[in-house]
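*Asks:* My structure is stored as upload-v4.cif, with mmCIF, C-alpha atoms and all ligand atoms.
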data_data
#
loop_
_atom_site.label_atom_id
_atom_site.label_comp_id
_atom_site.auth_asym_id
_atom_site.auth_seq_id
_atom_site.Cartn_x
_atom_site.Cartn_y
_atom_site.Cartn_z
CA MET A 1 -8.93 -25.90 10.02
CA THR A 2 -9.27 -22.45 11.57
CA LYS A 3 -10.76 -19.14 10.51
CA THR A 4 -8.59 -16.06 10.46
CA LEU A 5 -9.43 -12.48 9.64
CA ALA A 6 -7.02 -10.10 7.92
CA VAL A 7 -8.03 -6.53 8.70
CA ASN A 8 -6.90 -3.37 6.97
CA ALA A 9 -8.27 -0.28 8.71
CA GLY A 10 -7.86 3.01 6.85
CA SER A 11 -8.72 6.47 8.10
CA SER A 12 -12.34 6.11 6.94
CA SER A 13 -12.53 2.52 5.76
CA LEU A 14 -12.16 -1.04 6.97
CA LYS A 15 -11.19 -3.72 4.49
CA TRP A 16 -11.22 -7.33 5.60
CA GLN A 17 -10.73 -10.83 4.28
CA MET A 18 -11.54 -14.09 6.03
CA TYR A 19 -9.51 -17.23 5.40
CA GLU A 20 -9.74 -20.88 6.20
CA MET A 21 -6.23 -21.78 7.31
CA PRO A 22 -3.90 -23.46 6.69
CA GLU A 23 -5.68 -24.09 3.36
CA GLU A 24 -5.41 -20.35 2.56
CA LYS A 25 -8.94 -20.46 1.21
CA VAL A 26 -10.77 -17.11 1.09
CA ILE A 27 -14.22 -17.63 2.68
CA ALA A 28 -15.45 -14.05 2.54
CA LYS A 29 -14.24 -10.51 2.12
CA GLY A 30 -15.64 -7.08 2.57
CA LEU A 31 -15.22 -3.38 2.73
CA ILE A 32 -16.79 -0.78 5.00
CA GLU A 33 -16.48 2.65 3.44
CA ARG A 34 -17.30 6.22 4.51
CA ILE A 35 -16.89 5.56 8.24
CA GLY A 36 -17.77 8.76 10.09
CA LEU A 37 -19.70 10.17 7.12
CA LYS A 38 -23.37 9.86 6.24
CA ASP A 39 -24.45 6.78 4.32
CA SER A 40 -21.57 4.48 5.14
CA ILE A 41 -21.50 1.38 2.94
CA SER A 42 -20.74 -2.15 4.06
CA THR A 43 -20.18 -4.70 1.32
CA VAL A 44 -19.63 -8.40 1.95
CA LYS A 45 -18.71 -10.90 -0.77
CA TYR A 46 -19.13 -14.57 0.05
CA ASN A 47 -20.15 -17.77 -1.74
CA ASN A 48 -20.48 -15.94 -5.07
CA GLN A 49 -22.97 -13.57 -3.45
CA GLU A 50 -22.78 -9.92 -2.55
CA ASP A 51 -24.48 -8.22 0.38
CA LYS A 52 -24.56 -4.44 0.48
CA GLN A 53 -25.94 -2.23 3.26
CA ILE A 54 -26.08 1.54 3.59
CA LEU A 55 -25.93 2.52 7.25
CA ASP A 56 -24.67 5.27 9.49
CA ILE A 57 -21.37 4.06 10.90
CA GLN A 58 -20.05 6.80 13.15
CA ASP A 59 -16.71 5.30 14.06
CA HIS A 60 -14.40 2.31 13.73
CA LYS A 61 -15.85 0.66 16.84
CA LYS A 62 -19.26 0.55 15.20
CA ALA A 63 -17.65 -0.69 11.97
CA VAL A 64 -16.13 -3.68 13.76
CA ASN A 65 -19.48 -4.52 15.33
CA ILE A 66 -21.24 -4.29 11.95
CA LEU A 67 -18.62 -6.61 10.45
CA LEU A 68 -19.05 -9.18 13.23
CA ASP A 69 -22.86 -8.98 12.97
CA ASP A 70 -22.65 -9.43 9.20
CA LEU A 71 -20.52 -12.55 9.59
CA LYS A 72 -23.24 -14.09 11.74
CA ARG A 73 -26.21 -12.72 9.81
CA LEU A 74 -24.86 -14.09 6.52
CA GLN A 75 -23.95 -17.38 8.23
CA ILE A 76 -20.31 -17.05 7.28
CA VAL A 77 -19.63 -18.13 10.86
CA SER A 78 -22.13 -19.68 13.25
CA ASP A 79 -20.24 -18.34 16.25
CA ILE A 80 -17.79 -15.42 16.28
CA LYS A 81 -15.47 -17.56 18.42
CA GLU A 82 -14.70 -19.63 15.32
CA ILE A 83 -12.29 -16.82 14.47
CA THR A 84 -9.04 -17.86 16.13
CA GLY A 85 -6.64 -15.49 14.42
CA LEU A 86 -6.71 -11.76 13.72
CA GLY A 87 -4.15 -9.89 11.67
CA HIS A 88 -4.00 -6.12 11.39
CA ARG A 89 -2.20 -4.01 8.85
CA VAL A 90 -0.44 -1.13 10.56
CA VAL A 91 0.86 1.76 8.43
CA ALA A 92 3.62 3.13 10.65
CA GLY A 93 5.91 0.89 12.69
CA GLY A 94 8.78 3.36 12.75
CA GLU A 95 12.21 1.87 13.41
CA PHE A 96 10.79 -0.12 16.26
CA PHE A 97 8.89 -2.89 14.47
CA LYS A 98 11.15 -4.82 12.14
CA GLU A 99 8.69 -7.68 11.62
CA SER A 100 5.14 -8.78 12.35
CA THR A 101 4.44 -9.23 16.02
CA ILE A 102 1.78 -10.44 18.47
CA ALA A 103 -0.37 -7.45 19.43
CA THR A 104 0.23 -7.33 23.18
CA PRO A 105 -0.97 -4.29 25.19
CA GLU A 106 2.60 -2.89 25.01
CA VAL A 107 2.61 -3.26 21.23
CA LEU A 108 -0.73 -1.45 20.98
CA LYS A 109 0.61 1.37 23.10
CA LYS A 110 3.68 1.67 20.89
CA ILE A 111 1.50 1.76 17.75
CA GLU A 112 -0.42 4.66 19.29
CA GLU A 113 2.83 6.40 20.20
CA LEU A 114 3.89 6.17 16.56
CA SER A 115 0.73 8.01 15.45
CA SER A 116 2.60 11.19 14.60
CA TYR A 117 4.13 9.29 11.65
CA ALA A 118 0.66 8.29 10.35
CA PRO A 119 -1.95 10.49 12.04
CA LEU A 120 -4.82 9.27 9.84
CA HIS A 121 -4.00 5.58 10.14
CA ASN A 122 -2.30 4.42 13.34
CA PRO A 123 -4.97 5.67 15.79
CA ALA A 124 -7.76 3.98 13.76
CA GLU A 125 -5.74 0.77 13.51
CA ALA A 126 -5.03 0.67 17.25
CA LEU A 127 -8.69 1.34 18.02
CA VAL A 128 -9.85 -1.47 15.74
CA MET A 129 -7.34 -3.82 17.38
CA ARG A 130 -8.65 -2.92 20.83
CA VAL A 131 -12.28 -3.48 19.83
CA PHE A 132 -11.49 -6.92 18.39
CA GLU A 133 -9.48 -7.72 21.52
CA GLU A 134 -12.58 -7.04 23.65
CA VAL A 135 -14.84 -9.24 21.55
CA LEU A 136 -12.35 -12.01 20.81
CA PRO A 137 -9.85 -12.07 23.68
CA GLU A 138 -8.90 -15.69 22.94
CA ALA A 139 -7.88 -15.09 19.32
CA THR A 140 -4.23 -14.61 18.37
CA SER A 141 -3.88 -10.99 17.32
CA VAL A 142 -0.99 -10.02 15.09
CA ALA A 143 0.20 -6.61 13.87
CA VAL A 144 1.74 -6.53 10.38
CA PHE A 145 3.63 -3.35 9.59
CA ASP A 146 3.77 -1.58 6.23
CA THR A 147 7.18 -0.23 7.13
CA ALA A 148 8.78 -3.45 8.45
CA PHE A 149 10.15 -4.65 5.10
CA HIS A 150 11.98 -1.33 4.69
CA THR A 151 13.81 -1.49 8.02
CA SER A 152 16.63 -3.17 6.06
CA LEU A 153 17.35 0.09 4.20
CA PRO A 154 20.97 1.24 4.61
CA ALA A 155 21.48 4.58 6.36
CA LYS A 156 22.72 6.20 3.15
CA ALA A 157 19.28 5.56 1.65
CA TYR A 158 17.05 6.31 4.63
CA ARG A 159 18.75 9.43 6.00
CA TYR A 160 17.90 12.89 4.69
CA PRO A 161 20.80 15.30 4.23
CA MET A 162 19.85 17.48 7.23
CA PRO A 163 21.51 18.15 10.57
CA ASN A 164 21.76 14.90 12.55
CA LYS A 165 19.48 16.10 15.31
CA TYR A 166 16.43 15.80 13.05
CA TYR A 167 17.09 12.09 12.78
CA GLU A 168 18.41 11.48 16.27
CA LYS A 169 15.95 13.61 18.22
CA TYR A 170 12.91 13.71 15.94
CA GLY A 171 13.12 10.45 13.99
CA VAL A 172 13.04 12.20 10.60
CA ARG A 173 14.09 9.61 8.00
CA LYS A 174 12.67 7.56 5.17
CA TYR A 175 10.36 4.83 6.49
CA GLY A 176 8.75 3.72 3.23
CA ALA A 177 5.37 2.08 2.71
CA HIS A 178 3.57 -0.85 1.05
CA GLY A 179 6.27 -3.09 2.55
CA THR A 180 4.04 -6.16 2.74
CA SER A 181 3.27 -5.86 -0.96
CA HIS A 182 6.88 -5.27 -2.03
CA MET A 183 7.98 -8.25 0.06
CA TYR A 184 5.29 -10.54 -1.34
CA VAL A 185 5.74 -9.69 -5.02
CA SER A 186 9.55 -9.80 -4.85
CA ALA A 187 9.40 -13.31 -3.37
CA GLU A 188 6.89 -14.36 -6.05
CA ALA A 189 9.15 -12.82 -8.72
CA ALA A 190 12.11 -14.93 -7.54
CA LYS A 191 9.94 -18.05 -7.94
CA LEU A 192 9.02 -17.01 -11.50
CA LEU A 193 12.68 -16.34 -12.25
CA GLY A 194 13.53 -19.81 -10.89
CA LYS A 195 16.30 -18.34 -8.74
CA PRO A 196 16.90 -18.31 -4.97
CA LEU A 197 15.63 -14.97 -3.61
CA GLU A 198 19.11 -14.35 -2.12
CA GLU A 199 20.55 -14.21 -5.64
CA THR A 200 18.07 -11.76 -7.14
CA LYS A 201 17.87 -8.02 -7.80
CA ILE A 202 14.28 -6.94 -8.31
CA ILE A 203 12.56 -3.59 -8.82
CA THR A 204 8.98 -3.70 -7.56
CA ALA A 205 6.49 -1.06 -8.71
CA HIS A 206 3.38 -1.01 -6.49
CA ILE A 207 1.22 1.42 -8.44
CA GLY A 208 -2.30 1.91 -7.10
CA ASN A 209 -4.07 4.96 -5.81
CA GLY A 210 -1.00 5.38 -3.65
CA GLY A 211 2.21 4.10 -5.17
CA SER A 212 5.80 3.28 -4.38
CA ILE A 213 8.77 1.68 -6.09
CA THR A 214 11.36 -0.41 -4.25
CA ALA A 215 14.80 -1.81 -5.02
CA VAL A 216 14.95 -5.32 -3.53
CA GLU A 217 18.37 -6.95 -3.43
CA ALA A 218 18.77 -10.50 -2.12
CA GLY A 219 15.21 -10.31 -0.74
CA LYS A 220 15.87 -7.12 1.22
CA SER A 221 14.57 -3.63 0.57
CA VAL A 222 17.64 -1.47 -0.17
CA ASP A 223 15.82 1.66 -1.33
CA THR A 224 12.23 2.79 -1.72
CA SER A 225 10.51 5.81 -3.18
CA MET A 226 8.23 6.76 -0.30
CA GLY A 227 9.68 8.84 2.44
CA PHE A 228 9.05 10.03 5.96
CA THR A 229 5.31 9.78 5.20
CA PRO A 230 3.35 8.30 2.27
CA LEU A 231 3.55 11.67 0.51
CA GLY A 232 7.06 11.10 -0.83
CA GLY A 233 8.34 9.53 -4.04
CA ILE A 234 6.36 9.22 -7.26
CA MET A 235 3.31 11.24 -8.25
CA MET A 236 0.07 9.47 -7.20
CA GLY A 237 -3.72 9.69 -7.59
CA THR A 238 -4.14 12.70 -5.29
CA ARG A 239 -0.63 13.04 -3.81
CA SER A 240 2.15 15.14 -5.25
CA GLY A 241 5.05 12.85 -4.46
CA GLU A 242 8.32 14.63 -3.90
CA LEU A 243 8.92 18.28 -4.66
CA ASP A 244 11.38 20.98 -3.65
CA PRO A 245 10.58 21.77 0.03
CA SER A 246 10.91 25.51 -0.69
CA VAL A 247 7.60 25.28 -2.51
CA LEU A 248 5.82 25.00 0.86
CA PRO A 249 6.65 28.35 2.52
CA TYR A 250 6.30 30.05 -0.87
CA ILE A 251 2.74 28.87 -1.51
CA ILE A 252 1.68 29.48 2.11
CA GLU A 253 2.90 33.06 1.81
CA HIS A 254 1.27 33.73 -1.56
CA ASP A 255 -1.99 31.74 -1.54
CA SER A 256 -4.54 33.13 0.91
CA GLU A 257 -6.41 29.79 0.85
CA LEU A 258 -3.52 28.17 2.69
CA GLU A 259 -3.19 29.32 6.27
CA ASN A 260 -0.44 27.09 7.51
CA ALA A 261 1.82 24.15 6.77
CA GLN A 262 -0.93 21.63 7.58
CA ASP A 263 -3.21 23.21 4.95
CA ALA A 264 -0.45 22.94 2.39
CA ILE A 265 0.26 19.30 3.30
CA ASP A 266 -3.45 18.48 3.06
CA MET A 267 -3.51 20.02 -0.41
CA LEU A 268 -0.45 17.97 -1.42
CA ASN A 269 -2.05 14.79 -0.05
CA LYS A 270 -5.61 15.19 -1.28
CA GLU A 271 -5.78 17.66 -4.17
CA SER A 272 -2.57 17.02 -6.06
CA GLY A 273 -1.17 14.24 -8.23
CA LEU A 274 -3.29 13.11 -11.19
CA LEU A 275 -6.29 14.98 -9.76
CA GLY A 276 -4.47 18.27 -9.31
CA VAL A 277 -2.80 18.35 -12.71
CA SER A 278 -5.67 16.95 -14.79
CA GLY A 279 -8.35 18.87 -12.92
CA ILE A 280 -10.76 16.00 -13.63
CA SER A 281 -9.93 12.81 -11.71
CA SER A 282 -7.51 10.91 -9.51
CA ASP A 283 -8.39 7.66 -11.28
CA MET A 284 -5.95 6.52 -13.95
CA ARG A 285 -8.81 5.11 -16.05
CA ASP A 286 -10.38 8.57 -16.37
CA ILE A 287 -7.02 10.13 -17.19
CA ILE A 288 -6.39 7.61 -19.96
CA SER A 289 -9.85 7.89 -21.47
CA ASN A 290 -9.70 11.71 -21.52
CA LYS A 291 -6.12 12.37 -22.49
CA GLU A 292 -6.71 12.51 -26.26
CA THR A 293 -9.11 15.43 -25.87
CA ASN A 294 -7.95 17.07 -22.65
CA PRO A 295 -4.41 18.49 -22.63
CA ASN A 296 -4.34 18.62 -18.82
CA ALA A 297 -5.16 14.92 -18.62
CA GLN A 298 -2.38 14.25 -21.15
CA LEU A 299 0.05 16.30 -19.07
CA ALA A 300 -0.96 14.48 -15.88
CA PHE A 301 -0.38 11.15 -17.60
CA ASP A 302 2.99 12.22 -19.02
CA MET A 303 4.20 13.55 -15.65
CA TYR A 304 3.10 10.36 -13.88
CA ILE A 305 4.93 8.13 -16.36
CA ASP A 306 8.01 10.37 -16.15
CA ARG A 307 8.23 9.95 -12.35
CA VAL A 308 7.83 6.17 -12.50
CA LYS A 309 10.50 5.86 -15.21
CA LYS A 310 12.96 7.96 -13.23
CA TYR A 311 12.66 5.75 -10.14
CA ILE A 312 13.21 2.65 -12.25
CA GLY A 313 16.33 4.32 -13.62
CA GLN A 314 17.52 5.21 -10.12
CA TYR A 315 17.11 1.68 -8.85
CA LEU A 316 18.87 0.16 -11.85
CA ALA A 317 21.76 2.39 -10.80
CA VAL A 318 21.46 1.56 -7.09
CA MET A 319 21.62 -2.21 -7.73
CA ASN A 320 23.79 -2.15 -10.87
CA GLY A 321 21.01 -3.74 -12.91
CA ALA A 322 18.06 -5.95 -12.13
CA ASP A 323 16.78 -9.44 -12.93
CA ALA A 324 13.18 -8.31 -13.01
CA LEU A 325 10.88 -5.32 -12.95
CA VAL A 326 7.55 -6.16 -11.29
CA PHE A 327 4.24 -4.32 -11.78
CA THR A 328 1.58 -4.71 -9.11
CA ALA A 329 -1.50 -3.03 -7.48
CA GLY A 330 -4.53 -1.40 -9.15
CA ILE A 331 -2.77 0.43 -11.97
CA GLY A 332 0.32 -1.78 -12.22
CA GLU A 333 -1.75 -4.95 -12.57
CA ASN A 334 -4.53 -3.64 -14.78
CA SER A 335 -3.47 -0.75 -16.98
CA ILE A 336 -2.02 -1.75 -20.33
CA PRO A 337 -1.42 1.85 -21.52
CA PHE A 338 0.31 2.68 -18.23
CA ARG A 339 2.73 -0.24 -18.51
CA ALA A 340 3.30 0.38 -22.22
CA ALA A 341 4.17 4.04 -21.60
CA VAL A 342 6.52 3.29 -18.69
CA LEU A 343 8.32 0.58 -20.65
CA ASP A 344 8.59 2.58 -23.85
CA GLY A 345 12.19 3.69 -24.40
CA LEU A 346 13.82 1.51 -21.74
CA ASP A 347 15.37 -0.96 -24.23
CA TRP A 348 18.82 0.57 -23.73
CA PHE A 349 18.66 -0.89 -20.19
CA GLY A 350 17.73 -4.30 -21.59
CA ILE A 351 14.06 -3.85 -20.71
CA LYS A 352 11.91 -5.00 -23.65
CA VAL A 353 8.20 -5.64 -23.39
CA ASP A 354 6.33 -8.04 -25.68
CA PRO A 355 3.28 -5.99 -26.80
CA GLU A 356 1.38 -9.22 -27.44
CA LYS A 357 1.78 -10.20 -23.80
CA ASN A 358 1.00 -6.76 -22.35
CA ILE A 359 -2.73 -7.42 -22.53
CA LEU A 360 -5.77 -7.37 -20.28
CA GLY A 361 -5.55 -9.97 -17.53
CA ALA A 362 -1.85 -10.58 -18.17
CA THR A 363 0.06 -12.10 -15.29
CA GLY A 364 3.61 -13.39 -15.17
CA ASP A 365 6.30 -12.61 -17.72
CA ILE A 366 5.34 -10.04 -20.36
CA SER A 367 8.85 -9.41 -21.69
CA LEU A 368 10.42 -10.45 -25.00
CA PRO A 369 12.72 -13.48 -24.86
CA ASP A 370 15.84 -11.28 -25.27
CA SER A 371 14.85 -8.82 -22.52
CA ARG A 372 17.76 -8.78 -20.04
CA VAL A 373 15.42 -7.61 -17.31
CA LYS A 374 12.26 -9.73 -17.10
CA ILE A 375 9.06 -7.71 -16.89
CA LEU A 376 6.59 -9.40 -14.55
CA VAL A 377 2.97 -8.63 -13.67
CA ILE A 378 2.24 -10.08 -10.22
CA PRO A 379 -1.07 -9.44 -8.42
CA THR A 380 -0.26 -8.37 -4.89
CA ASP A 381 -1.88 -10.12 -1.93
CA GLU A 382 -1.22 -8.25 1.29
CA GLU A 383 -4.09 -10.04 3.07
CA LEU A 384 -2.55 -13.43 2.38
CA VAL A 385 0.75 -12.30 3.89
CA ILE A 386 -1.18 -11.18 6.99
CA ALA A 387 -3.03 -14.54 7.20
CA ARG A 388 0.27 -16.41 6.88
CA ASP A 389 1.85 -14.27 9.59
CA ILE A 390 -1.01 -15.14 11.95
CA GLU A 391 -0.38 -18.87 11.36
CA ARG A 392 3.37 -18.44 11.81
CA LEU A 393 3.02 -16.56 15.10
CA LYS A 394 0.19 -18.60 16.64
P1 LIG B 401 -5.08 1.59 -3.08
O1 LIG B 401 -4.95 0.25 -2.40
O2 LIG B 401 -3.87 2.45 -3.02
O3 LIG B 401 -6.35 2.33 -2.78
P2 LIG B 401 -5.37 0.02 -5.52
O4 LIG B 401 -4.12 -0.75 -5.63
O5 LIG B 401 -6.63 -0.70 -5.19
O6 LIG B 401 -5.18 1.30 -4.63
O7 LIG B 401 -5.58 0.77 -6.92
C1 LIG B 401 -6.69 1.58 -7.14
C2 LIG B 401 -6.46 2.37 -8.41
O8 LIG B 401 -6.19 1.47 -9.49
C3 LIG B 401 -7.68 3.16 -8.84
O9 LIG B 401 -7.64 4.45 -8.33
C4 LIG B 401 -7.55 3.17 -10.34
O10 LIG B 401 -6.95 4.39 -10.72
C5 LIG B 401 -6.58 2.09 -10.69
N1 LIG B 401 -7.09 1.10 -11.63
C6 LIG B 401 -7.80 -0.01 -11.36
N2 LIG B 401 -8.08 -0.67 -12.51
C7 LIG B 401 -7.52 0.04 -13.52
C8 LIG B 401 -7.44 -0.10 -14.96
N3 LIG B 401 -8.00 -1.12 -15.60
N4 LIG B 401 -6.78 0.83 -15.63
C9 LIG B 401 -6.21 1.88 -15.01
N5 LIG B 401 -6.24 2.07 -13.69
C10 LIG B 401 -6.88 1.17 -12.95
#
Go through the file and emit its structure as structure tokens.
Ligand code: ADP
*Replies:*
Amino acid sequence: MTKTLAVNAGSSSLKWQMYEMPEEKVIAKGLIERIGLKDSISTVKYNNQEDKQILDIQDHKKAVNILLDDLKRLQIVSDIKEITGLGHRVVAGGEFFKESTIATPEVLKKIEELSSYAPLHNPAEALVMRVFEEVLPEATSVAVFDTAFHTSLPAKAYRYPMPNKYYEKYGVRKYGAHGTSHMYVSAEAAKLLGKPLEETKIITAHIGNGGSITAVEAGKSVDTSMGFTPLGGIMMGTRSGELDPSVLPYIIEHDSELENAQDAIDMLNKESGLLGVSGISSDMRDIISNKETNPNAQLAFDMYIDRVKKYIGQYLAVMNGADALVFTAGIGENSIPFRAAVLDGLDWFGIKVDPEKNILGATGDISLPDSRVKILVIPTDEELVIARDIERLK
């Protein structure tokens, strides 16, 4: 029995989950939010208890130290050295990292070099990995890449129709995101279908605050909605998803609030999507509860559903059908009206939901018996994939 820690460092947050392995038992989990801001919050859940502290956590180094202190203070471990495995989610692995790998000093350097593909994430992730390395040099440290699952994309899907030099010299291509989640839920879907993964065609819809949809054929990602960065694809909580690139120079020229391309990209990342269109919230729950009375919330909802439907249609075309359509992540797992709206009017494709199964807490098959494409709700578990990768690579 060993203890492993799956770590997911965001630009201003640090999510973690501790497992007893190989039993795959979750011992504790937590979230440190608002790193670098005033009143950072560290929450730890363990043994049916919750511990919450409001502190000033200036940077990720401090966050790691708070986490390690909490583990001791709450007696989740008696000695930090009980942690023998560390797994880190890394957003951008470029074309270089095709699978999870031991985080050697060369790997850390490469992750930092790839920062231009994920400027908010990769530097924080590399820093967190280095801090853990200092405190726990004996532990096996593994990097798990969000992009790895999508390195199987064929060139026709990942290339953009631009002059070759932008790919060859500058690495401009589709890298995708949420790969760990798409991989996990597609494998789980094959089990539910009772078919070998190699014989399946599955569309996975990871719909959370960020969202992406992937076409998975024979267990491999063959197309995915996110692009060069996590701004591409479907509309999201605060992100626009794809739009005509000519919009950018046009708005920079006409809107005095936008000085340059970076301002415009920030607006598309942080002020757009559900938030931008509704004007009230980036949270799907707020959009749904306000849409009857607020036409902008209704429009935001309708646009969101429209984008998700279109990607499902695209991937049915890419794979010439599908055995299953999977819903996962915050919205995909929990929102009944979201799923109902997406699935409404897809019966021509052989996609038929059973309204009596599309209910709160539903997991597994929610389709009617004669639905050609099974509709599955599968809770994602990226942390478990990370914990398993640590065991595999130890
Ligand atoms: P991320 O990991 O991208 O931050 P999550 O997968 O945790 O996102 O999803 C978070 C989002 O899920 C929230 O912003 C919220 O909009 C949505 N969500 C959670 N529960 C529900 C629900 N019951 N109905 C609608 N949306 C929900």
*Asks:* Do you know which residues are within 8 Å of ligand LIG 401 (chain B) using only C-alpha atoms and all ligand atoms? Can you write them as a list in words?
*Replies:*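 Written in the requested form, the residues are His206, Ile207, Gly208, Asn209, Gly210, Gly211, Gly237, Ser282, Asp283, Met284, Arg285, Asp286, Ile288, Thr328, Ala329, Gly330, Ile331, Gly332, Glu333, Asn334, Ser335, Ile336 and Phe338 of chain A.
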*Asks:* Measure the distance from atom CA of Leu343 of chain A to atom CA of Glu242 of chain A in Å and round it to one decimal.
*Replies:*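 A separation of 21.9 Å between them.
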*Asks:* May I ask for the distance between atom CA of Pro119 of chain A and atom CA of Val64 of chain A, given in Å to one decimal place?
*Replies:* 20.1 Å
*Asks:* With only C-alpha atoms as the basis for distance, which of A:Glu138, A:Thr293, A:Glu82, A:Ala143 is at the shortest distance from Lys110 of chain A?
*Replies:*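 For Lys110 of chain A, the nearest of the given residues is A:Ala143.
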*Asks:* I'd like the neighbourhood of Thr4 of chain A as a ChimeraX atom specification, where a residue qualifies if any of its atoms comes within 6 Å (using all atoms listed in the file), though same-chain residues fewer than 3 positions away should be ignored.
*Replies:* /A:18-19,83-86
*Asks:* Hey, can you check how far atom CA of Ala189 of chain A sits from atom CA of Arg89 of chain A?
*Replies:*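 Computed distance, atom CA of Ala189 of chain A to atom CA of Arg89 of chain A, equals 22.7 Å.
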*Asks:* Under the rule that all atoms listed in the file are counted, which of A:Ala205, A:Val185, A:Leu248, A:Leu67 is the nearest residue to Gly219 of chain A?
*Replies:*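 Residue with the minimum atom-to-atom distance to Gly219 of chain A: A:Val185.
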*Asks:* What's around Ser181 of chain A at 12 Å? Count only C-alpha atoms, leave out sequence neighbours fewer than 6 positions away in its own chain, and write the answer as a ChimeraX atom specification.
*Replies:* /A:89,144-150,187-189,204-208,211-214,216,221,326-329,378-386
*Asks:* For segment 297-311 of chain A, find every residue with an atom within 7 Å (counting only C-alpha atoms), except residues of its own chain fewer than 3 positions away, and show them as a PyMOL selection string.
*Replies:* chain A and resi 213+234-235+274+277-278+287+290-292+294+314-315+341-342
*Asks:* With C-alpha atoms kept, could you save the residues just selected as a PDB file, keeping the file's coordinate frame?
*Replies:*
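For reference, again.pdb as written:
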ATOM      1  CA  ILE A 213       8.770   1.680  -6.090  1.00  0.00           C
ATOM      2  CA  ILE A 234       6.360   9.220  -7.260  1.00  0.00           C
ATOM      3  CA  MET A 235       3.310  11.240  -8.250  1.00  0.00           C
ATOM      4  CA  LEU A 274      -3.290  13.110 -11.190  1.00  0.00           C
ATOM      5  CA  VAL A 277      -2.800  18.350 -12.710  1.00  0.00           C
ATOM      6  CA  SER A 278      -5.670  16.950 -14.790  1.00  0.00           C
ATOM      7  CA  ILE A 287      -7.020  10.130 -17.190  1.00  0.00           C
ATOM      8  CA  ASN A 290      -9.700  11.710 -21.520  1.00  0.00           C
ATOM      9  CA  LYS A 291      -6.120  12.370 -22.490  1.00  0.00           C
ATOM     10  CA  GLU A 292      -6.710  12.510 -26.260  1.00  0.00           C
ATOM     11  CA  ASN A 294      -7.950  17.070 -22.650  1.00  0.00           C
ATOM     12  CA  GLN A 314      17.520   5.210 -10.120  1.00  0.00           C
ATOM     13  CA  TYR A 315      17.110   1.680  -8.850  1.00  0.00           C
ATOM     14  CA  ALA A 341       4.170   4.040 -21.600  1.00  0.00           C
ATOM     15  CA  VAL A 342       6.520   3.290 -18.690  1.00  0.00           C
TER      16      VAL A 342
END
*Asks:* Which one is closest to Ile390 of chain A: A:His88, A:Lys98, A:Lys52, A:His60? Count only C-alpha atoms.
*Replies:*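 Of A:His88, A:Lys98, A:Lys52, A:His60, the one nearest Ile390 of chain A, counting only C-alpha atoms, is A:His88.
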*Asks:* Please tell me which residues are no farther than 9 Å from (-4.5, -15.0, 20.4) in the file, counting all atoms listed in the file, and write them as a PyMOL selection string.
*Replies:* chain A and resi 84-86+102-103+133+136-142+394
*Asks:* Export C-alpha atoms of the chosen residues as a short mmCIF file (atom, residue, chain, number, x, y, z; two decimals), in the frame of the given file?
*Replies:*
data_model
loop_
_atom_site.label_atom_id
_atom_site.label_comp_id
_atom_site.auth_asym_id
_atom_site.auth_seq_id
_atom_site.Cartn_x
_atom_site.Cartn_y
_atom_site.Cartn_z
CA THR A 84 -9.04 -17.86 16.13
CA GLY A 85 -6.64 -15.49 14.42
CA LEU A 86 -6.71 -11.76 13.72
CA ILE A 102 1.78 -10.44 18.47
CA ALA A 103 -0.37 -7.45 19.43
CA GLU A 133 -9.48 -7.72 21.52
CA LEU A 136 -12.35 -12.01 20.81
CA PRO A 137 -9.85 -12.07 23.68
CA GLU A 138 -8.90 -15.69 22.94
CA ALA A 139 -7.88 -15.09 19.32
CA THR A 140 -4.23 -14.61 18.37
CA SER A 141 -3.88 -10.99 17.32
CA VAL A 142 -0.99 -10.02 15.09
CA LYS A 394 0.19 -18.60 16.64
#
*Asks:* Closest to Val7 of chain A among A:Ile366, A:Ala118, A:Met129, A:Ile54, using all atoms listed in the file?
*Replies:*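 Result for the nearest residue to Val7 of chain A: A:Met129.
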*Asks:* So which residues touch Glu20 of chain A within 8 Å, counting all atoms listed in the file, skipping near sequence neighbours fewer than 2 positions away, as a list in words?
*Replies:* Met1, Thr2, Lys3, Thr4, Met18, Pro22, Glu23, Glu24, Lys25, Val26 and Ile27 of chain A
*Asks:* Ranking A:Leu275, A:Lys81, A:Asn260, A:Arg239 by minimum distance to Asn296 of chain A and counting only C-alpha atoms, which one comes first?
*Replies:*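 Using only C-alpha atoms, the shortest distance to Asn296 of chain A belongs to A:Leu275.
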